[in-house]
$ cat final.cif   # mmCIF, C-alpha atoms
data_start
loop_
_atom_site.group_PDB
_atom_site.id
_atom_site.type_symbol
_atom_site.label_atom_id
_atom_site.label_comp_id
_atom_site.auth_asym_id
_atom_site.auth_seq_id
_atom_site.Cartn_x
_atom_site.Cartn_y
_atom_site.Cartn_z
ATOM 1 C CA MET A 30 126.998 88.140 118.312
ATOM 2 C CA SER A 31 127.020 84.886 120.255
ATOM 3 C CA MET A 32 124.297 82.288 119.931
ATOM 4 C CA GLN A 33 123.227 79.635 122.368
ATOM 5 C CA GLU A 34 120.910 76.654 121.889
ATOM 6 C CA SER A 35 119.518 77.126 125.392
ATOM 7 C CA SER A 36 116.589 79.000 123.842
ATOM 8 C CA GLY A 37 115.490 75.728 122.302
ATOM 9 C CA VAL A 38 116.074 77.019 118.768
ATOM 10 C CA ALA A 39 118.817 75.241 116.819
ATOM 11 C CA LEU A 40 121.859 77.355 115.970
ATOM 12 C CA TRP A 41 121.352 76.976 112.234
ATOM 13 C CA ARG A 42 117.784 78.236 112.586
ATOM 14 C CA GLN A 43 118.990 81.265 114.539
ATOM 15 C CA VAL A 44 121.508 82.046 111.800
ATOM 16 C CA ALA A 45 118.856 81.607 109.098
ATOM 17 C CA ASP A 46 116.445 83.860 111.003
ATOM 18 C CA GLY A 47 119.134 86.514 111.380
ATOM 19 C CA ILE A 48 119.898 86.522 107.656
ATOM 20 C CA GLU A 49 116.180 86.563 106.835
ATOM 21 C CA ARG A 50 115.733 89.635 109.057
ATOM 22 C CA GLY A 51 118.605 91.258 107.186
ATOM 23 C CA ILE A 52 116.814 90.608 103.893
ATOM 24 C CA ALA A 53 113.505 91.904 105.267
ATOM 25 C CA ASP A 54 114.960 95.158 106.612
ATOM 26 C CA GLY A 55 117.035 95.842 103.503
ATOM 27 C CA ARG A 56 120.525 95.184 104.868
ATOM 28 C CA PHE A 57 120.818 92.523 102.161
ATOM 29 C CA ALA A 58 119.174 93.771 98.960
ATOM 30 C CA ALA A 59 117.668 91.633 96.196
ATOM 31 C CA GLY A 60 120.431 90.368 93.916
ATOM 32 C CA GLU A 61 123.149 91.230 96.436
ATOM 33 C CA LYS A 62 125.864 88.731 97.322
ATOM 34 C CA LEU A 63 125.821 87.631 100.954
ATOM 35 C CA PRO A 64 129.010 87.631 103.037
ATOM 36 C CA GLY A 65 131.069 84.466 102.728
ATOM 37 C CA GLU A 66 130.533 81.434 104.953
ATOM 38 C CA MET A 67 133.582 82.246 107.091
ATOM 39 C CA GLU A 68 132.434 85.818 107.666
ATOM 40 C CA ILE A 69 128.910 84.690 108.598
ATOM 41 C CA ALA A 70 130.372 82.044 110.921
ATOM 42 C CA GLU A 71 132.489 84.667 112.675
ATOM 43 C CA THR A 72 129.564 87.096 112.932
ATOM 44 C CA TYR A 73 127.309 84.536 114.623
ATOM 45 C CA ARG A 74 130.126 82.649 116.364
ATOM 46 C CA VAL A 75 129.169 79.302 114.885
ATOM 47 C CA ASN A 76 130.967 76.814 112.673
ATOM 48 C CA ARG A 77 130.761 76.739 108.878
ATOM 49 C CA HIS A 78 128.651 73.571 108.888
ATOM 50 C CA THR A 79 125.969 75.481 110.810
ATOM 51 C CA VAL A 80 126.166 78.326 108.278
ATOM 52 C CA ARG A 81 125.816 75.913 105.351
ATOM 53 C CA ARG A 82 122.709 74.367 106.904
ATOM 54 C CA ALA A 83 121.199 77.815 107.464
ATOM 55 C CA LEU A 84 121.881 78.859 103.874
ATOM 56 C CA ALA A 85 120.469 75.581 102.557
ATOM 57 C CA ALA A 86 117.246 76.194 104.497
ATOM 58 C CA LEU A 87 116.966 79.703 103.084
ATOM 59 C CA ALA A 88 117.601 78.369 99.562
ATOM 60 C CA GLU A 89 114.815 75.793 99.972
ATOM 61 C CA ARG A 90 112.441 78.652 100.793
ATOM 62 C CA GLY A 91 113.541 80.603 97.734
ATOM 63 C CA LEU A 92 115.100 83.470 99.691
ATOM 64 C CA VAL A 93 118.668 82.936 98.471
ATOM 65 C CA ARG A 94 120.424 81.074 95.692
ATOM 66 C CA ALA A 95 123.902 79.560 95.587
ATOM 67 C CA GLU A 96 126.030 79.952 92.476
ATOM 68 C CA ARG A 97 128.889 77.479 92.214
ATOM 69 C CA GLY A 98 132.249 79.196 92.470
ATOM 70 C CA SER A 99 130.671 82.591 93.061
ATOM 71 C CA GLY A 100 128.757 82.694 96.338
ATOM 72 C CA THR A 101 125.254 83.011 97.717
ATOM 73 C CA TYR A 102 122.905 85.748 96.539
ATOM 74 C CA VAL A 103 119.642 87.194 97.794
ATOM 75 C CA GLU A 104 116.910 85.973 95.469
ATOM 76 C CA ALA A 105 114.784 88.719 93.959
ATOM 77 C CA GLN A 106 111.041 88.333 94.456
ATOM 78 C CA ARG A 107 109.454 87.125 91.245
ATOM 79 C CA LEU A 108 107.110 89.444 89.400
ATOM 80 C CA ALA A 109 103.631 87.930 89.070
ATOM 81 C CA TYR A 110 102.905 88.133 85.327
ATOM 82 C CA PRO A 111 99.354 87.179 84.286
ATOM 83 C CA LEU A 112 98.871 85.707 80.822
ATOM 84 C CA ARG A 113 95.457 86.749 79.624
ATOM 85 C CA SER A 114 93.693 87.886 76.469
ATOM 86 C CA ARG A 115 94.611 91.460 77.311
ATOM 87 C CA THR A 116 98.265 91.421 78.328
ATOM 88 C CA ARG A 117 100.001 94.785 78.825
ATOM 89 C CA PHE A 118 103.523 94.901 80.253
ATOM 90 C CA SER A 119 103.141 98.454 81.580
ATOM 91 C CA GLU A 120 99.869 97.647 83.364
ATOM 92 C CA ILE A 121 101.200 94.429 84.876
ATOM 93 C CA VAL A 122 104.422 95.988 86.151
ATOM 94 C CA GLY A 123 102.740 99.198 87.285
ATOM 95 C CA GLY A 124 100.030 97.217 89.049
ATOM 96 C CA GLY A 125 102.739 95.423 91.025
ATOM 97 C CA GLY A 126 104.061 98.689 92.384
ATOM 98 C CA HIS A 127 107.001 98.999 89.998
ATOM 99 C CA GLU A 128 107.879 101.526 87.334
ATOM 100 C CA PRO A 129 107.622 99.982 83.846
ATOM 101 C CA ARG A 130 110.291 101.014 81.380
ATOM 102 C CA GLY A 131 111.088 100.144 77.790
ATOM 103 C CA GLN A 132 114.389 100.679 76.012
ATOM 104 C CA LEU A 133 114.867 100.407 72.276
ATOM 105 C CA ILE A 134 117.876 98.270 71.381
ATOM 106 C CA ASP A 135 117.496 98.347 67.625
ATOM 107 C CA ALA A 136 114.953 98.905 64.867
ATOM 108 C CA SER A 137 115.649 97.539 61.416
ATOM 109 C CA SER A 138 114.038 96.389 58.184
ATOM 110 C CA ASP A 139 113.193 92.713 57.742
ATOM 111 C CA VAL A 140 111.112 90.489 55.470
ATOM 112 C CA ALA A 141 108.445 87.990 56.448
ATOM 113 C CA ASN A 142 109.451 84.341 56.531
ATOM 114 C CA ARG A 143 106.805 81.644 56.301
ATOM 115 C CA GLU A 144 106.002 81.606 60.033
ATOM 116 C CA ILE A 145 105.807 85.383 60.479
ATOM 117 C CA ALA A 146 103.823 85.781 57.250
ATOM 118 C CA ARG A 147 101.277 83.275 58.567
ATOM 119 C CA GLU A 148 100.990 85.038 61.933
ATOM 120 C CA LEU A 149 100.581 88.495 60.411
ATOM 121 C CA GLY A 150 98.445 87.468 57.445
ATOM 122 C CA LEU A 151 101.048 88.696 54.952
ATOM 123 C CA LYS A 152 102.770 87.269 51.908
ATOM 124 C CA ILE A 153 106.171 85.635 52.344
ATOM 125 C CA GLY A 154 108.799 88.294 51.715
ATOM 126 C CA ALA A 155 106.530 91.188 52.736
ATOM 127 C CA PRO A 156 108.505 94.114 54.197
ATOM 128 C CA LEU A 157 108.595 94.299 57.992
ATOM 129 C CA ILE A 158 109.944 96.476 60.767
ATOM 130 C CA ARG A 159 111.779 94.504 63.435
ATOM 131 C CA ILE A 160 112.051 96.076 66.891
ATOM 132 C CA GLU A 161 114.424 94.767 69.560
ATOM 133 C CA ALA A 162 113.699 96.131 73.023
ATOM 134 C CA VAL A 163 114.353 95.386 76.682
ATOM 135 C CA ARG A 164 111.582 95.794 79.251
ATOM 136 C CA LEU A 165 112.365 96.677 82.842
ATOM 137 C CA ALA A 166 110.581 96.856 86.188
ATOM 138 C CA ASP A 167 112.227 99.780 87.956
ATOM 139 C CA ARG A 168 115.861 99.153 87.018
ATOM 140 C CA THR A 169 115.630 95.372 86.724
ATOM 141 C CA PRO A 170 115.527 93.871 83.208
ATOM 142 C CA ILE A 171 112.578 91.495 82.935
ATOM 143 C CA CYS A 172 112.533 90.498 79.280
ATOM 144 C CA VAL A 173 114.016 91.109 75.866
ATOM 145 C CA SER A 174 111.527 91.158 73.015
ATOM 146 C CA THR A 175 111.736 90.960 69.237
ATOM 147 C CA THR A 176 108.608 92.370 67.586
ATOM 148 C CA TRP A 177 107.664 92.317 63.912
ATOM 149 C CA LEU A 178 105.171 94.734 62.326
ATOM 150 C CA SER A 179 104.067 95.342 58.756
ATOM 151 C CA THR A 180 106.007 98.226 57.221
ATOM 152 C CA GLU A 181 102.989 99.138 55.106
ATOM 153 C CA ARG A 182 100.660 99.470 58.097
ATOM 154 C CA PHE A 183 103.182 100.864 60.600
ATOM 155 C CA PRO A 184 105.715 102.985 58.702
ATOM 156 C CA ASP A 185 108.539 104.410 60.855
ATOM 157 C CA ALA A 186 107.444 102.260 63.824
ATOM 158 C CA GLY A 187 111.000 102.054 65.140
ATOM 159 C CA SER A 188 111.257 105.819 65.570
ATOM 160 C CA VAL A 189 107.829 105.941 67.186
ATOM 161 C CA PHE A 190 108.780 103.239 69.698
ATOM 162 C CA ALA A 191 112.018 105.085 70.522
ATOM 163 C CA ASN A 192 109.890 108.078 71.529
ATOM 164 C CA VAL A 193 107.003 106.385 73.358
ATOM 165 C CA ARG A 194 108.885 103.269 74.663
ATOM 166 C CA SER A 195 105.643 101.281 74.798
ATOM 167 C CA MET A 196 104.047 98.933 72.282
ATOM 168 C CA THR A 197 100.559 99.999 73.408
ATOM 169 C CA LYS A 198 101.415 103.658 72.805
ATOM 170 C CA LEU A 199 103.038 102.782 69.479
ATOM 171 C CA LEU A 200 99.871 101.073 68.278
ATOM 172 C CA GLY A 201 97.809 103.973 69.592
ATOM 173 C CA HIS A 202 99.928 106.321 67.482
ATOM 174 C CA TYR A 203 98.626 104.479 64.415
ATOM 175 C CA GLY A 204 95.001 104.624 65.544
ATOM 176 C CA VAL A 205 94.757 101.221 67.247
ATOM 177 C CA LYS A 206 92.671 101.969 70.335
ATOM 178 C CA ASP A 207 92.566 98.445 71.720
ATOM 179 C CA TYR A 208 93.864 94.968 70.930
ATOM 180 C CA HIS A 209 94.052 91.506 72.444
ATOM 181 C CA ARG A 210 96.182 88.390 72.430
ATOM 182 C CA ALA A 211 95.285 85.863 69.754
ATOM 183 C CA SER A 212 97.846 83.192 70.633
ATOM 184 C CA THR A 213 100.577 82.485 73.170
ATOM 185 C CA ARG A 214 103.171 79.716 73.151
ATOM 186 C CA ILE A 215 105.672 79.246 75.995
ATOM 187 C CA THR A 216 108.895 77.253 75.839
ATOM 188 C CA ALA A 217 112.057 77.128 77.932
ATOM 189 C CA ALA A 218 115.623 77.798 76.829
ATOM 190 C CA ILE A 219 119.073 78.684 78.129
ATOM 191 C CA VAL A 220 120.007 82.331 77.738
ATOM 192 C CA ASP A 221 122.479 83.088 74.951
ATOM 193 C CA ALA A 222 125.375 85.513 75.295
ATOM 194 C CA THR A 223 123.545 88.441 73.705
ATOM 195 C CA ASP A 224 120.428 88.187 75.847
ATOM 196 C CA ALA A 225 122.506 87.431 78.959
ATOM 197 C CA ALA A 226 124.145 90.835 78.600
ATOM 198 C CA ARG A 227 120.828 92.574 77.965
ATOM 199 C CA LEU A 228 119.121 90.879 80.911
ATOM 200 C CA ASP A 229 122.146 91.085 83.210
ATOM 201 C CA LEU A 230 122.114 87.307 83.677
ATOM 202 C CA PRO A 231 125.000 84.846 84.026
ATOM 203 C CA LEU A 232 125.443 82.500 81.067
ATOM 204 C CA GLY A 233 123.604 79.233 81.505
ATOM 205 C CA ARG A 234 120.578 80.676 83.293
ATOM 206 C CA PRO A 235 117.073 79.690 82.088
ATOM 207 C CA VAL A 236 114.738 81.973 80.156
ATOM 208 C CA LEU A 237 111.066 81.547 79.351
ATOM 209 C CA VAL A 238 110.412 82.153 75.659
ATOM 210 C CA VAL A 239 106.971 83.534 74.843
ATOM 211 C CA ASP A 240 105.841 83.626 71.209
ATOM 212 C CA ALA A 241 102.680 85.703 70.864
ATOM 213 C CA THR A 242 100.529 87.434 68.270
ATOM 214 C CA ASP A 243 98.232 90.374 69.001
ATOM 215 C CA VAL A 244 95.194 91.315 66.919
ATOM 216 C CA ASP A 245 92.857 94.294 66.813
ATOM 217 C CA MET A 246 89.200 94.181 67.817
ATOM 218 C CA LEU A 247 88.307 92.931 64.320
ATOM 219 C CA ASP A 248 90.814 90.068 64.781
ATOM 220 C CA GLN A 249 93.196 91.526 62.207
ATOM 221 C CA PRO A 250 96.844 90.733 63.086
ATOM 222 C CA LEU A 251 98.883 93.655 64.379
ATOM 223 C CA VAL A 252 102.193 92.371 65.731
ATOM 224 C CA THR A 253 103.912 89.088 66.395
ATOM 225 C CA LYS A 254 106.702 88.870 68.926
ATOM 226 C CA ARG A 255 109.180 86.613 70.665
ATOM 227 C CA SER A 256 109.980 87.615 74.244
ATOM 228 C CA ARG A 257 112.676 86.072 76.436
ATOM 229 C CA PHE A 258 111.890 86.444 80.151
ATOM 230 C CA ALA A 259 114.450 85.948 82.927
ATOM 231 C CA ALA A 260 112.916 82.856 84.552
ATOM 232 C CA GLU A 261 114.156 83.774 88.023
ATOM 233 C CA ARG A 262 112.403 87.161 87.913
ATOM 234 C CA VAL A 263 108.867 86.260 86.812
ATOM 235 C CA GLU A 264 106.153 83.739 87.478
ATOM 236 C CA PHE A 265 103.483 83.349 84.829
ATOM 237 C CA LEU A 266 99.874 83.175 85.969
ATOM 238 C CA VAL A 267 97.552 81.657 83.392
ATOM 239 C CA GLU A 268 94.117 83.235 83.776
ATOM 240 C CA ASN A 269 91.024 81.652 82.260
ATOM 241 C CA GLY A 270 88.276 83.672 80.666
#
$ encode --input "final.cif" --output "structure tokens"
Amino acid sequence: MSMQESSGVALWRQVADGIERGIADGRFAAGEKLPGEMEIAETYRVNRHTVRRALAALAERGLVRAERGSGTYVEAQRLAYPLRSRTRFSEIVGGGGHEPRGQLIDASSDVANREIARELGLKIGAPLIRIEAVRLADRTPICVSTTWLSTERFPDAGSVFANVRSMTKLLGHYGVKDYHRASTRITAAIVDATDAARLDLPLGRPVLVVDATDVDMLDQPLVTKRSRFAAERVEFLVENG
């Protein structure tokens, strides 16, 4: 493939357009590593400086990302994730045309510390069930969540979640027909080794940490959770009302 500037379009733009077409038609899939600079230069019969400029332009538009010492990767389109009073992972992911999935990592006994006791309206030291799970859109991990529930109100919740793989269905199993978000707090962090493996992220990548508490329609606390979202895979939309 030989390129000429006689068309009036700069060579780097022609290279960028060619790579963008490859992303659009699926030749380069989301998350896939692009060919190296030398290979791209040979394919388009341009020099490496032209390739670098093309890749930089694509990176500025959010289509690719460069990882030092590794290469350039196709950037996955971020999942639009509304934060509202009624937030349901399965509905949000399904509404975006993806298949929502939940996988139980671990369910164990815990006791309420001061913060969790306050959120759930329990005494410090009250018995809890702690559920660790990963949530996926299709086959892509979106977030890892740690959820705490009262053992007294939700006995055997870990086994129930393993079967239904949905917090909404788990609560429905115990007669909770509807619930809403009472509070949400968002902070940023760097992924740790454990969550990096669960989210299939390189170490050092950012995560968005969401601390939230859900209550029933009588405003009685149900669950409190801490979710770690892969920042490069979601964009939060704060909806009023």
$ resolve_selection --input "final.cif" --expression "the PyMOL selection byres ((chain A and resi 236) around 7)" --output "MDAnalysis selection string"
chainID A and resid 217:220 234:235 237:238 257:260
$ resolve_selection --input "final.cif" --expression "the PyMOL selection byres ((chain A and resi 251) around 12)" --output "PyMOL selection string"
chain A and resi 145-146+148-151+157-158+176-183+196-197+199-201+203-211+241-250+252-254
$ closest_residue --input "final.cif" --among "A:Tyr102, A:Trp41, A:Phe190, A:Phe57" --to "Val75 in chain A" --atoms "all atoms listed in the file"
A:Trp41
$ closest_residue --input "final.cif" --among "A:Pro184, A:Gly98, A:Gly91, A:Pro111" --to "Glu264 in chain A" --atoms "only C-alpha atoms"
A:Pro111
$ closest_residue --input "final.cif" --among "A:Arg130, A:Val173, A:Arg194, A:Arg97" --to "Pro231 in chain A" --atoms "all atoms listed in the file"
A:Arg97
$ residues_around --input "final.cif" --residues "Val122 in chain A" --least-positions-apart "4" --cutoff "9 Å" --atoms "all atoms listed in the file" --output "number ranges by chain"
A: 108-110, 117-118, 126-129, 165-167
$ write_last_selection --input "final.cif" --atoms "C-alpha atoms" --output "PDB file, in the frame of the given file"
ATOM      1  CA  LEU A 108     107.110  89.444  89.400  1.00  0.00           C
ATOM      2  CA  ALA A 109     103.631  87.930  89.070  1.00  0.00           C
ATOM      3  CA  TYR A 110     102.905  88.133  85.327  1.00  0.00           C
ATOM      4  CA  ARG A 117     100.001  94.785  78.825  1.00  0.00           C
ATOM      5  CA  PHE A 118     103.523  94.901  80.253  1.00  0.00           C
ATOM      6  CA  GLY A 126     104.061  98.689  92.384  1.00  0.00           C
ATOM      7  CA  HIS A 127     107.001  98.999  89.998  1.00  0.00           C
ATOM      8  CA  GLU A 128     107.879 101.526  87.334  1.00  0.00           C
ATOM      9  CA  PRO A 129     107.622  99.982  83.846  1.00  0.00           C
ATOM     10  CA  LEU A 165     112.365  96.677  82.842  1.00  0.00           C
ATOM     11  CA  ALA A 166     110.581  96.856  86.188  1.00  0.00           C
ATOM     12  CA  ASP A 167     112.227  99.780  87.956  1.00  0.00           C
TER      13      ASP A 167
END
$ residues_around --input "final.cif" --residues "Arg42 in chain A" --least-positions-apart "6" --cutoff "10 Å" --atoms "all atoms listed in the file" --output "ChimeraX atom specification"
/A:34,48,79-80,82-84,86-87
$ write_last_selection --input "final.cif" --atoms "C-alpha atoms" --output "mmCIF file, keeping the file's coordinate frame"
data_model
loop_
_atom_site.group_PDB
_atom_site.id
_atom_site.type_symbol
_atom_site.label_atom_id
_atom_site.label_comp_id
_atom_site.auth_asym_id
_atom_site.auth_seq_id
_atom_site.Cartn_x
_atom_site.Cartn_y
_atom_site.Cartn_z
ATOM 1 C CA GLU A 34 120.910 76.654 121.889
ATOM 2 C CA ILE A 48 119.898 86.522 107.656
ATOM 3 C CA THR A 79 125.969 75.481 110.810
ATOM 4 C CA VAL A 80 126.166 78.326 108.278
ATOM 5 C CA ARG A 82 122.709 74.367 106.904
ATOM 6 C CA ALA A 83 121.199 77.815 107.464
ATOM 7 C CA LEU A 84 121.881 78.859 103.874
ATOM 8 C CA ALA A 86 117.246 76.194 104.497
ATOM 9 C CA LEU A 87 116.966 79.703 103.084
#
$ atom_distance --input "final.cif" --atom1 "CA of Val263 in chain A" --atom2 "CA of Ser137 in chain A"
28.6 Å
$ atom_distance --input "final.cif" --atom1 "CA of Tyr73 in chain A" --atom2 "CA of Val44 in chain A"
6.9 Å
$ decode --input "final.cif" --residues "range 213-227 of chain A" --atoms "N, CA, C and O atoms" --output "mmCIF file, in the first residue's frame"
data_model
loop_
_atom_site.group_PDB
_atom_site.id
_atom_site.type_symbol
_atom_site.label_atom_id
_atom_site.label_comp_id
_atom_site.auth_asym_id
_atom_site.auth_seq_id
_atom_site.Cartn_x
_atom_site.Cartn_y
_atom_site.Cartn_z
ATOM 1 N N THR A 213 -23.934 7.700 47.731
ATOM 2 C CA THR A 213 -22.863 7.283 46.820
ATOM 3 C C THR A 213 -21.674 8.202 47.024
ATOM 4 O O THR A 213 -21.830 9.430 47.050
ATOM 5 N N ARG A 214 -20.501 7.619 47.181
ATOM 6 C CA ARG A 214 -19.269 8.407 47.289
ATOM 7 C C ARG A 214 -18.255 7.835 46.315
ATOM 8 O O ARG A 214 -18.027 6.622 46.281
ATOM 9 N N ILE A 215 -17.637 8.698 45.505
ATOM 10 C CA ILE A 215 -16.701 8.254 44.470
ATOM 11 C C ILE A 215 -15.323 8.832 44.751
ATOM 12 O O ILE A 215 -15.169 10.035 44.974
ATOM 13 N N THR A 216 -14.322 7.965 44.736
ATOM 14 C CA THR A 216 -12.931 8.387 44.862
ATOM 15 C C THR A 216 -12.114 7.661 43.791
ATOM 16 O O THR A 216 -12.607 6.749 43.127
ATOM 17 N N ALA A 217 -10.879 8.079 43.639
ATOM 18 C CA ALA A 217 -9.986 7.460 42.657
ATOM 19 C C ALA A 217 -8.842 6.762 43.376
ATOM 20 O O ALA A 217 -8.426 7.176 44.462
ATOM 21 N N ALA A 218 -8.343 5.697 42.774
ATOM 22 C CA ALA A 218 -7.231 4.952 43.364
ATOM 23 C C ALA A 218 -6.465 4.254 42.244
ATOM 24 O O ALA A 218 -6.881 4.255 41.081
ATOM 25 N N ILE A 219 -5.339 3.677 42.609
ATOM 26 C CA ILE A 219 -4.555 2.851 41.690
ATOM 27 C C ILE A 219 -4.853 1.398 42.013
ATOM 28 O O ILE A 219 -4.870 1.006 43.183
ATOM 29 N N VAL A 220 -5.098 0.601 40.995
ATOM 30 C CA VAL A 220 -5.490 -0.785 41.208
ATOM 31 C C VAL A 220 -4.395 -1.558 41.946
ATOM 32 O O VAL A 220 -3.208 -1.375 41.684
ATOM 33 N N ASP A 221 -4.803 -2.392 42.908
ATOM 34 C CA ASP A 221 -3.824 -3.225 43.601
ATOM 35 C C ASP A 221 -3.673 -4.546 42.851
ATOM 36 O O ASP A 221 -4.380 -4.819 41.870
ATOM 37 N N ALA A 222 -2.740 -5.370 43.287
ATOM 38 C CA ALA A 222 -2.417 -6.587 42.553
ATOM 39 C C ALA A 222 -3.608 -7.542 42.469
ATOM 40 O O ALA A 222 -3.843 -8.161 41.426
ATOM 41 N N THR A 223 -4.361 -7.644 43.556
ATOM 42 C CA THR A 223 -5.499 -8.567 43.568
ATOM 43 C C THR A 223 -6.570 -8.141 42.579
ATOM 44 O O THR A 223 -7.041 -8.934 41.756
ATOM 45 N N ASP A 224 -6.965 -6.866 42.640
ATOM 46 C CA ASP A 224 -8.004 -6.394 41.732
ATOM 47 C C ASP A 224 -7.498 -6.314 40.292
ATOM 48 O O ASP A 224 -8.283 -6.472 39.346
ATOM 49 N N ALA A 225 -6.212 -6.071 40.092
ATOM 50 C CA ALA A 225 -5.657 -6.042 38.741
ATOM 51 C C ALA A 225 -5.874 -7.393 38.056
ATOM 52 O O ALA A 225 -6.245 -7.469 36.883
ATOM 53 N N ALA A 226 -5.652 -8.462 38.800
ATOM 54 C CA ALA A 226 -5.856 -9.798 38.238
ATOM 55 C C ALA A 226 -7.331 -10.045 37.952
ATOM 56 O O ALA A 226 -7.695 -10.604 36.910
ATOM 57 N N ARG A 227 -8.190 -9.623 38.861
ATOM 58 C CA ARG A 227 -9.629 -9.847 38.677
ATOM 59 C C ARG A 227 -10.202 -9.029 37.528
ATOM 60 O O ARG A 227 -11.103 -9.466 36.818
#
